[in-house]
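Trainee: Before we start, here is the structure in question, set down as structure tokens.
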Amino acid sequence: MRAAWHNVRVMARRDFLATVRRKAYIFTALGIPAYFGFMMFLTAAPQVNERLRALKSLTAVGVVDSSGLFAQAERTIRTEIGDENPFDSKRTPRRLTTTVVFYGTADEALAALRAKNVAQVLVIPPDYLETGRLQRYARSSSLFSSAERSPLRQWLSRSLLAPYASADRVERAVRPTQRLEDFALNPRTDRFEVKDDAREVADFLVPFGLAMLLATGIIIGGQYLLQGLAEERESRILESLLCAVTPDELLWGKLIGLGAAGLLLVGFWTAMGTGLAGPILALVHPSPLLVVSAGLYFLLGYLFYASILTGVGSVAGSVREAIQISGIFTFLNFVPFILLMTILAQPNGTVAVTLSMIPFTAATTMMLRMVSPSSAVPAWQLGLSLAILAGCAWLVLKGSARVFRTGLLLYGKRPNLPEIVRWIRSA
Amino acid sequence: MLEVQNVTKRYDGRAVVNRVSFSVQPGEIFALLGPNGAGKTTLIRMITDIIRPDRGTIRVNGAPNAGPRRPNIAYLPEERGLYKRARVVDAIALYGELKGMSAAAARAAALALLRRVELEEWALKQVQALSKGMQQKVQFCTALIGGPQIIILDEPFTGLDPVNTQLLEEMLDERRRQGTTVLLSTHQISKVEELCDRALMINHGHMVLYGTVRDIRRSYSEDAVVVRCAADLSQAPGVARVQQVDGQQRVYFGEGGSAQRLMAWLGERDVEVESFARDAMPLEDIFVKVVREGIGLDRGESAREPAGAAATAGAPA
């Protein structure tokens, strides 16, 4: 492909500036993180709030003890809450106190419940010890009412064990893994590292986030290219433009300019994410290999997808048609997210390794594998995956450039598959 | 100088352009005529190196039009388009930069052109804010920027009012005087008669007319003159018949008759002559006649040779 660098640079700058100055671009840059943030808030906040609300409302519990096992039980339940956010560095637990009120009969207790004197009623039948059967009554039931069971469970355990063991033993029996520290072998460093709640969340979120950024960046860059190309065809600008630049110069200018626009978007989101999710990212120390690999996978993945979409944009009859066809390829890029749990659970399993070698899924899958804590991707797999992706990207680019050259000036006519194959062979 | 030699382009086995040859000199406005689907656009795309001919050569000032050192050719296609969201000055400057100018020089040249077409105050507006006629003038500027050696204009005056049409004609004339070669493709035949020195007409990919506009018109005219005078010209020697047309007499010559002999006869009688002109068929009528009657197609690649024409259609130089 012969291309004058001057013209490539001029076209790249034009496409880059035209794209990043669009309101839609600025909206995408700010709107997508805001949308995801809002959706997460909308999903997570009610859960946390409902859980807290349920616990806070548990100020008094009515107990009807027909078993006689709880006659000496404590009349207050102290509950610690504050572990809901594992990234809360202060970790200042709040204590809630619940009063236990004993009633002689279930009717009395339920009347108190109706009168809102107690929040719940626990009916303990005579054969509780043998059968474990209990009845819990509440004025209402919500999706998150199971949160209220934890204080009751601990009270039952403490009360049953209190006559037979010291307070320390009782506490340990009730919460045997309260201060458990998990250690796991990091295959990359060959050292045992702490696996706490925060780390576990980070281990999931960081690979997911990075792979999502990579996949989204690749697709957005490709979509800009597809859209720009289809718009230029529709606006009939190509005819006069091709008098001043060759199709190769035009194609390379677009690939570079719009790829840069996509990269800028990913960079912006990364910076934004780093600022917002600092505590999570502080747990991960990205290696130089990971950073270089992420860059290479972005470039090659973008080149591969953008080349395919260039071909699509060159033969599609309209912007709408081009976007419809490109949807198939966009879906393939996101296939690893459908198999996310399989890949993260077995980063060196057959599924993960196979997807790493397929150009459509290689970039996203390999990012998931490389950042996954339980994986050390063998060097040969990384090299082979990059080589296959680079080779396929080059082949698709060459084929697309031929389709691009021939299909650019076909207005209002969509070529069939044999025609496209003939263009690729003969151009 | 543009030299097109024996150029052929086939699509699906059908010759869309068939052995077309012609040349255009620097400082000449040359008309490329033909009905819709004749192969004009394909020929222009080959000249601009958007597509390559299957056979034949195209040279600009002796050098091939394709390759790493492409000549500076500007093209204003009939299906026009500009980047709608770009600022007007940027839309023009882009073409300047693509023709090798620096960003600053291209911007300055774009502003100068906008001044010339009286759109300077629109320089920083988006292209889509302009009217269709204004956009056409901007597109015209994109063709002129960067000092092209050859300007190819496909229907440049469509949709323009008479004032702007005249403005563009003046600008074309300026370029012509500076030595720029202009190739004009239009169905406004009156513009061809007004602006062009020579013309080429193609039909079904074949050259069917080629030569100076005057010679083409003469070649399709009968041996007659149109005279405005008081005398009865049917009495003149060598006159076969006289037809009255709009107060003028169209004189058809018979055996021994000629324009010179008629002028001498009028002079001898001291007749006051208001006008005396050789009867020439309007180019538009010739266009219709050639297309309807398929003239030139039966000769394959060669075209009708106009009497006294400067060049022979279809014959490679």
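Convention: chains lettered A, B, ... in structure tokens order; per-chain residue numbering from 1; ligands numbered from 1 as shown.
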Pull out every residue of chain B that has at least one atom within 9 Å of chain A, counting only C-alpha atoms, and report them as a ChimeraX atom specification.
Mentor: /B:45,48-51,68,70,72-77,79-86,94-95,97-100,142-143
Trainee: Could you write those residues out with C-alpha atoms, as a short mmCIF file (atom, residue, chain, number, x, y, z; two decimals), in the first residue's frame?
Mentor:
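Output contents, as saved in out_25.cif:
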```
data_model
loop_
_atom_site.label_atom_id
_atom_site.label_comp_id
_atom_site.auth_asym_id
_atom_site.auth_seq_id
_atom_site.Cartn_x
_atom_site.Cartn_y
_atom_site.Cartn_z
CA ARG B 45 -12.45 9.31 -13.31
CA THR B 48 -8.24 12.01 -12.31
CA ASP B 49 -6.76 8.53 -11.58
CA ILE B 50 -9.74 7.49 -9.47
CA ILE B 51 -9.96 4.44 -11.73
CA PRO B 68 3.44 8.50 -6.76
CA ARG B 70 0.25 12.57 -9.48
CA ASN B 72 -2.35 18.52 -9.64
CA ILE B 73 -5.82 17.93 -11.07
CA ALA B 74 -8.93 19.39 -9.46
CA TYR B 75 -12.33 17.90 -10.02
CA LEU B 76 -15.75 19.34 -9.31
CA PRO B 77 -18.10 16.39 -9.79
CA GLU B 79 -22.68 14.76 -7.53
CA ARG B 80 -21.20 17.33 -5.20
CA GLY B 81 -20.48 17.00 -1.52
CA LEU B 82 -18.71 18.79 1.29
CA TYR B 83 -18.14 17.93 4.93
CA LYS B 84 -21.39 19.38 6.24
CA ARG B 85 -20.24 20.02 9.79
CA ALA B 86 -16.88 21.52 8.81
CA LEU B 94 -8.41 20.75 3.45
CA TYR B 95 -8.09 20.48 -0.33
CA GLU B 97 -3.35 20.92 2.25
CA LEU B 98 -4.00 17.74 0.27
CA LYS B 99 -2.42 19.49 -2.71
CA GLY B 100 0.75 20.08 -0.73
CA THR B 142 -12.17 23.60 -3.37
CA ALA B 143 -11.45 22.93 -7.04
#
```
Trainee: Give me the residues within 8 Å of stretch 115-122 of chain B as a VMD selection string, counting only C-alpha atoms and dropping any in the same chain fewer than 5 places off.
Mentor: chain B and resid 88 134 137 167
Trainee: Produce a file of the selected residues containing C-alpha atoms, as a PDB file, in the first residue's frame.
Mentor:
```pdb
ATOM      1  CA  VAL B  88     -16.409  26.752   5.377  1.00  0.00           C
ATOM      2  CA  MET B 134     -23.403  29.148  -1.680  1.00  0.00           C
ATOM      3  CA  LYS B 137     -19.457  28.323  -4.795  1.00  0.00           C
ATOM      4  CA  LEU B 167     -18.766  35.389 -11.392  1.00  0.00           C
TER       5      LEU B 167
END
```
Trainee: Using only C-alpha atoms, can you tell me which of A:Trp394, A:Phe41, A:Phe208, A:Phe36 comes closest to A:Leu344?
Mentor: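 Going through A:Trp394, A:Phe41, A:Phe208, A:Phe36 one by one, the smallest distance to A:Leu344 is for A:Phe208.
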Trainee: Just want the 6 Å neighbourhood of stretch 381-390 of chain A, counted on only C-alpha atoms, with same-chain residues fewer than 5 positions away dropped. Output as a PyMOL selection string.
Mentor: chain A and resi 300+357+359
Trainee: Would you kindly return, as a list of chain:residue names, each protein, DNA or RNA residue with an atom no farther than 10 Å from any atom of A:Gln227, considering only C-alpha atoms and excluding same-chain residues fewer than 4 positions away?
Mentor: A:Gly222, A:Gln223, A:Glu231, A:Glu232, A:Arg233, A:Leu309, A:Thr310, A:Gly313, A:Ser318, A:Val319, A:Arg320, A:Ala322, A:Ile323
Trainee: For the structure I just gave you, how does DSSP split stretch 40-228 of chain A - specifically, which residues are strand (DSSP E)? Reply as a VMD selection string.
Mentor: chain A and resid 60 to 65 76 to 81 94 to 102 120 to 124 135 to 138 183 to 186 191 to 194
Trainee: With N, CA and C atoms retained, write the just-selected residues as an mmCIF file, in the first residue's frame.
Mentor:
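Saved file again_21.cif follows:
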```cif
data_model
loop_
_atom_site.group_PDB
_atom_site.id
_atom_site.type_symbol
_atom_site.label_atom_id
_atom_site.label_comp_id
_atom_site.auth_asym_id
_atom_site.auth_seq_id
_atom_site.Cartn_x
_atom_site.Cartn_y
_atom_site.Cartn_z
ATOM 1 N N ALA A 60 -36.942 -4.094 68.406
ATOM 2 C CA ALA A 60 -37.473 -5.003 69.428
ATOM 3 C C ALA A 60 -37.995 -6.266 68.765
ATOM 4 N N VAL A 61 -37.699 -7.415 69.368
ATOM 5 C CA VAL A 61 -38.148 -8.705 68.838
ATOM 6 C C VAL A 61 -38.957 -9.409 69.924
ATOM 7 N N GLY A 62 -40.114 -9.889 69.538
ATOM 8 C CA GLY A 62 -40.926 -10.664 70.477
ATOM 9 C C GLY A 62 -40.571 -12.132 70.363
ATOM 10 N N VAL A 63 -40.421 -12.803 71.491
ATOM 11 C CA VAL A 63 -40.065 -14.222 71.471
ATOM 12 C C VAL A 63 -41.096 -15.005 72.281
ATOM 13 N N VAL A 64 -41.601 -16.083 71.676
ATOM 14 C CA VAL A 64 -42.498 -17.003 72.386
ATOM 15 C C VAL A 64 -41.723 -18.313 72.511
ATOM 16 N N ASP A 65 -41.200 -18.573 73.689
ATOM 17 C CA ASP A 65 -40.311 -19.729 73.870
ATOM 18 C C ASP A 65 -41.073 -20.892 74.511
ATOM 19 N N THR A 76 -30.949 -8.512 75.199
ATOM 20 C CA THR A 76 -30.546 -7.553 74.143
ATOM 21 C C THR A 76 -29.656 -8.273 73.124
ATOM 22 N N ILE A 77 -29.802 -7.826 71.871
ATOM 23 C CA ILE A 77 -28.940 -8.363 70.790
ATOM 24 C C ILE A 77 -28.128 -7.189 70.256
ATOM 25 N N ARG A 78 -26.809 -7.356 70.279
ATOM 26 C CA ARG A 78 -25.955 -6.287 69.730
ATOM 27 C C ARG A 78 -25.422 -6.735 68.369
ATOM 28 N N THR A 79 -25.707 -5.926 67.346
ATOM 29 C CA THR A 79 -25.293 -6.280 65.969
ATOM 30 C C THR A 79 -24.322 -5.232 65.447
ATOM 31 N N GLU A 80 -23.232 -5.704 64.850
ATOM 32 C CA GLU A 80 -22.270 -4.779 64.225
ATOM 33 C C GLU A 80 -22.574 -4.697 62.739
ATOM 34 N N ILE A 81 -22.768 -3.508 62.260
ATOM 35 C CA ILE A 81 -22.896 -3.346 60.793
ATOM 36 C C ILE A 81 -21.811 -2.376 60.363
ATOM 37 N N ARG A 94 -20.809 0.217 62.985
ATOM 38 C CA ARG A 94 -21.863 0.821 63.797
ATOM 39 C C ARG A 94 -22.582 -0.305 64.543
ATOM 40 N N ARG A 95 -22.993 -0.011 65.750
ATOM 41 C CA ARG A 95 -23.663 -1.053 66.543
ATOM 42 C C ARG A 95 -25.149 -0.742 66.658
ATOM 43 N N LEU A 96 -25.938 -1.790 66.482
ATOM 44 C CA LEU A 96 -27.387 -1.664 66.663
ATOM 45 C C LEU A 96 -27.789 -2.553 67.837
ATOM 46 N N THR A 97 -28.674 -2.043 68.623
ATOM 47 C CA THR A 97 -29.129 -2.839 69.769
ATOM 48 C C THR A 97 -30.604 -3.186 69.586
ATOM 49 N N THR A 98 -30.898 -4.474 69.750
ATOM 50 C CA THR A 98 -32.273 -4.950 69.620
ATOM 51 C C THR A 98 -32.716 -5.525 70.976
ATOM 52 N N THR A 99 -33.885 -5.094 71.423
ATOM 53 C CA THR A 99 -34.413 -5.595 72.701
ATOM 54 C C THR A 99 -35.234 -6.855 72.451
ATOM 55 N N VAL A 100 -35.027 -7.862 73.315
ATOM 56 C CA VAL A 100 -35.794 -9.110 73.184
ATOM 57 C C VAL A 100 -36.897 -9.095 74.250
ATOM 58 N N VAL A 101 -38.160 -9.197 73.804
ATOM 59 C CA VAL A 101 -39.311 -9.175 74.715
ATOM 60 C C VAL A 101 -39.978 -10.549 74.667
ATOM 61 N N PHE A 102 -40.087 -11.184 75.819
ATOM 62 C CA PHE A 102 -40.693 -12.516 75.860
ATOM 63 C C PHE A 102 -42.203 -12.413 76.063
ATOM 64 N N GLN A 120 -40.564 -7.886 65.019
ATOM 65 C CA GLN A 120 -40.753 -9.260 64.566
ATOM 66 C C GLN A 120 -41.117 -10.128 65.764
ATOM 67 N N VAL A 121 -41.652 -11.316 65.449
ATOM 68 C CA VAL A 121 -41.958 -12.287 66.509
ATOM 69 C C VAL A 121 -41.329 -13.620 66.115
ATOM 70 N N LEU A 122 -40.612 -14.197 67.073
ATOM 71 C CA LEU A 122 -39.989 -15.495 66.837
ATOM 72 C C LEU A 122 -40.686 -16.518 67.737
ATOM 73 N N VAL A 123 -41.298 -17.520 67.120
ATOM 74 C CA VAL A 123 -42.009 -18.551 67.889
ATOM 75 C C VAL A 123 -41.143 -19.809 67.895
ATOM 76 N N ILE A 124 -40.740 -20.207 69.133
ATOM 77 C CA ILE A 124 -39.869 -21.369 69.264
ATOM 78 C C ILE A 124 -40.707 -22.533 69.813
ATOM 79 N N GLN A 135 -40.753 -20.392 63.807
ATOM 80 C CA GLN A 135 -41.608 -19.517 62.989
ATOM 81 C C GLN A 135 -41.240 -18.059 63.274
ATOM 82 N N ARG A 136 -41.081 -17.318 62.187
ATOM 83 C CA ARG A 136 -40.780 -15.899 62.348
ATOM 84 C C ARG A 136 -41.918 -15.108 61.710
ATOM 85 N N TYR A 137 -42.415 -14.126 62.437
ATOM 86 C CA TYR A 137 -43.514 -13.302 61.938
ATOM 87 C C TYR A 137 -43.040 -11.849 61.816
ATOM 88 N N ALA A 138 -43.500 -11.217 60.713
ATOM 89 C CA ALA A 138 -43.181 -9.789 60.526
ATOM 90 C C ALA A 138 -44.404 -9.104 59.944
ATOM 91 N N PHE A 183 -5.180 -16.541 52.382
ATOM 92 C CA PHE A 183 -3.961 -16.388 51.578
ATOM 93 C C PHE A 183 -4.069 -17.311 50.374
ATOM 94 N N ALA A 184 -3.658 -16.797 49.224
ATOM 95 C CA ALA A 184 -3.673 -17.628 48.015
ATOM 96 C C ALA A 184 -2.365 -17.423 47.264
ATOM 97 N N LEU A 185 -1.962 -18.464 46.558
ATOM 98 C CA LEU A 185 -0.699 -18.403 45.816
ATOM 99 C C LEU A 185 -0.913 -17.609 44.535
ATOM 100 N N ASN A 186 -0.092 -16.560 44.361
ATOM 101 C CA ASN A 186 -0.139 -15.784 43.119
ATOM 102 C C ASN A 186 0.811 -16.450 42.133
ATOM 103 N N ARG A 191 4.107 -16.220 45.181
ATOM 104 C CA ARG A 191 4.055 -15.906 46.622
ATOM 105 C C ARG A 191 2.606 -15.993 47.084
ATOM 106 N N PHE A 192 2.453 -16.318 48.388
ATOM 107 C CA PHE A 192 1.110 -16.334 48.964
ATOM 108 C C PHE A 192 0.712 -14.904 49.319
ATOM 109 N N GLU A 193 -0.453 -14.481 48.858
ATOM 110 C CA GLU A 193 -0.894 -13.112 49.103
ATOM 111 C C GLU A 193 -2.257 -13.119 49.780
ATOM 112 N N VAL A 194 -2.493 -12.067 50.555
ATOM 113 C CA VAL A 194 -3.755 -11.958 51.294
ATOM 114 C C VAL A 194 -4.921 -11.839 50.315
#
```
Trainee: Grab the atom CA of A:Gly253 to atom CA of B:Leu144 distance for me, in Å with one decimal place.
Mentor: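 Spanning atom CA of A:Gly253 to atom CA of B:Leu144 is a straight-line distance of 23.4 Å.
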Trainee: Write out as a PyMOL selection string all residues of stretch 6-188 of chain B that backbone DSSP assigns to helix (DSSP H, G or I).
Mentor: chain B and resi 40-47+88-98+103-116+120-122+127-129+132-144+162-177
Trainee: Any idea what's packed within 7 Å of B:Glu28, counting only C-alpha atoms, ignoring anything in its chain fewer than 6 positions away? Could you give it as a PDB file with N, CA and C atoms, in the first residue's frame?
Mentor:
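Output (part_21.pdb):
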```pdb
ATOM      1  N   ARG B 176      -7.902  30.479 -17.027  1.00  0.00           N
ATOM      2  CA  ARG B 176      -7.512  30.157 -18.399  1.00  0.00           C
ATOM      3  C   ARG B 176      -6.351  31.050 -18.840  1.00  0.00           C
ATOM      4  N   THR B 181      -5.572  24.454 -17.722  1.00  0.00           N
ATOM      5  CA  THR B 181      -6.412  23.713 -18.662  1.00  0.00           C
ATOM      6  C   THR B 181      -7.756  23.432 -17.991  1.00  0.00           C
ATOM      7  N   VAL B 182      -8.831  23.741 -18.689  1.00  0.00           N
ATOM      8  CA  VAL B 182     -10.160  23.526 -18.096  1.00  0.00           C
ATOM      9  C   VAL B 182     -10.944  22.544 -18.965  1.00  0.00           C
ATOM     10  N   ASP B 197     -13.363  26.505 -26.526  1.00  0.00           N
ATOM     11  CA  ASP B 197     -12.672  26.600 -27.801  1.00  0.00           C
ATOM     12  C   ASP B 197     -12.957  25.354 -28.640  1.00  0.00           C
TER      13      ASP B 197
END
```
Trainee: Write out as an MDAnalysis selection string each polymer residue whose atoms come within 9 Å of A:Leu332, counting only C-alpha atoms; drop sequence neighbours fewer than 4 positions from it.
Mentor: chainID A and resid 327:328 336 360:361
Trainee: Write out the residues from the selection above, keeping C-alpha atoms, as a PDB file, in the first residue's frame.
Mentor:
```pdb
ATOM      1  CA  GLY A 327     -23.693  -5.441  14.798  1.00  0.00           C
ATOM      2  CA  ILE A 328     -22.704  -9.046  14.062  1.00  0.00           C
ATOM      3  CA  PRO A 336     -15.910 -13.300  26.152  1.00  0.00           C
ATOM      4  CA  PHE A 360     -12.562 -11.763  17.050  1.00  0.00           C
ATOM      5  CA  THR A 361     -12.272 -12.555  20.763  1.00  0.00           C
TER       6      THR A 361
END
```
Trainee: Quick one: of B:Ala66, B:Phe287, B:Gln166, B:Val16, who's nearest to B:Leu209, counting only C-alpha atoms?
Mentor: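 Once distances to B:Leu209 are computed over only C-alpha atoms, the minimum belongs to B:Phe287.
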Trainee: For B:Ala106, which residue among B:Leu130, B:Ile145, B:Ala264, B:Leu233 is the nearest when counting only C-alpha atoms?
Mentor: B:Ile145
Trainee: For stretch 157-168 of chain A, find every residue with an atom within 6 Å (counting only C-alpha atoms), except residues of its own chain fewer than 3 positions away, and show them as a list in words.
Mentor: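 The residues satisfying every condition are Ala73, Gln154 and Glu171 of chain A.
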Trainee: Identify which of the residues A:Val292, A:Ala34, A:Met366, A:Ala119 lies closest to A:Leu55, counting only C-alpha atoms when measuring atom-to-atom distances.
Mentor: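 Smallest distance to A:Leu55 is found for A:Ala119.
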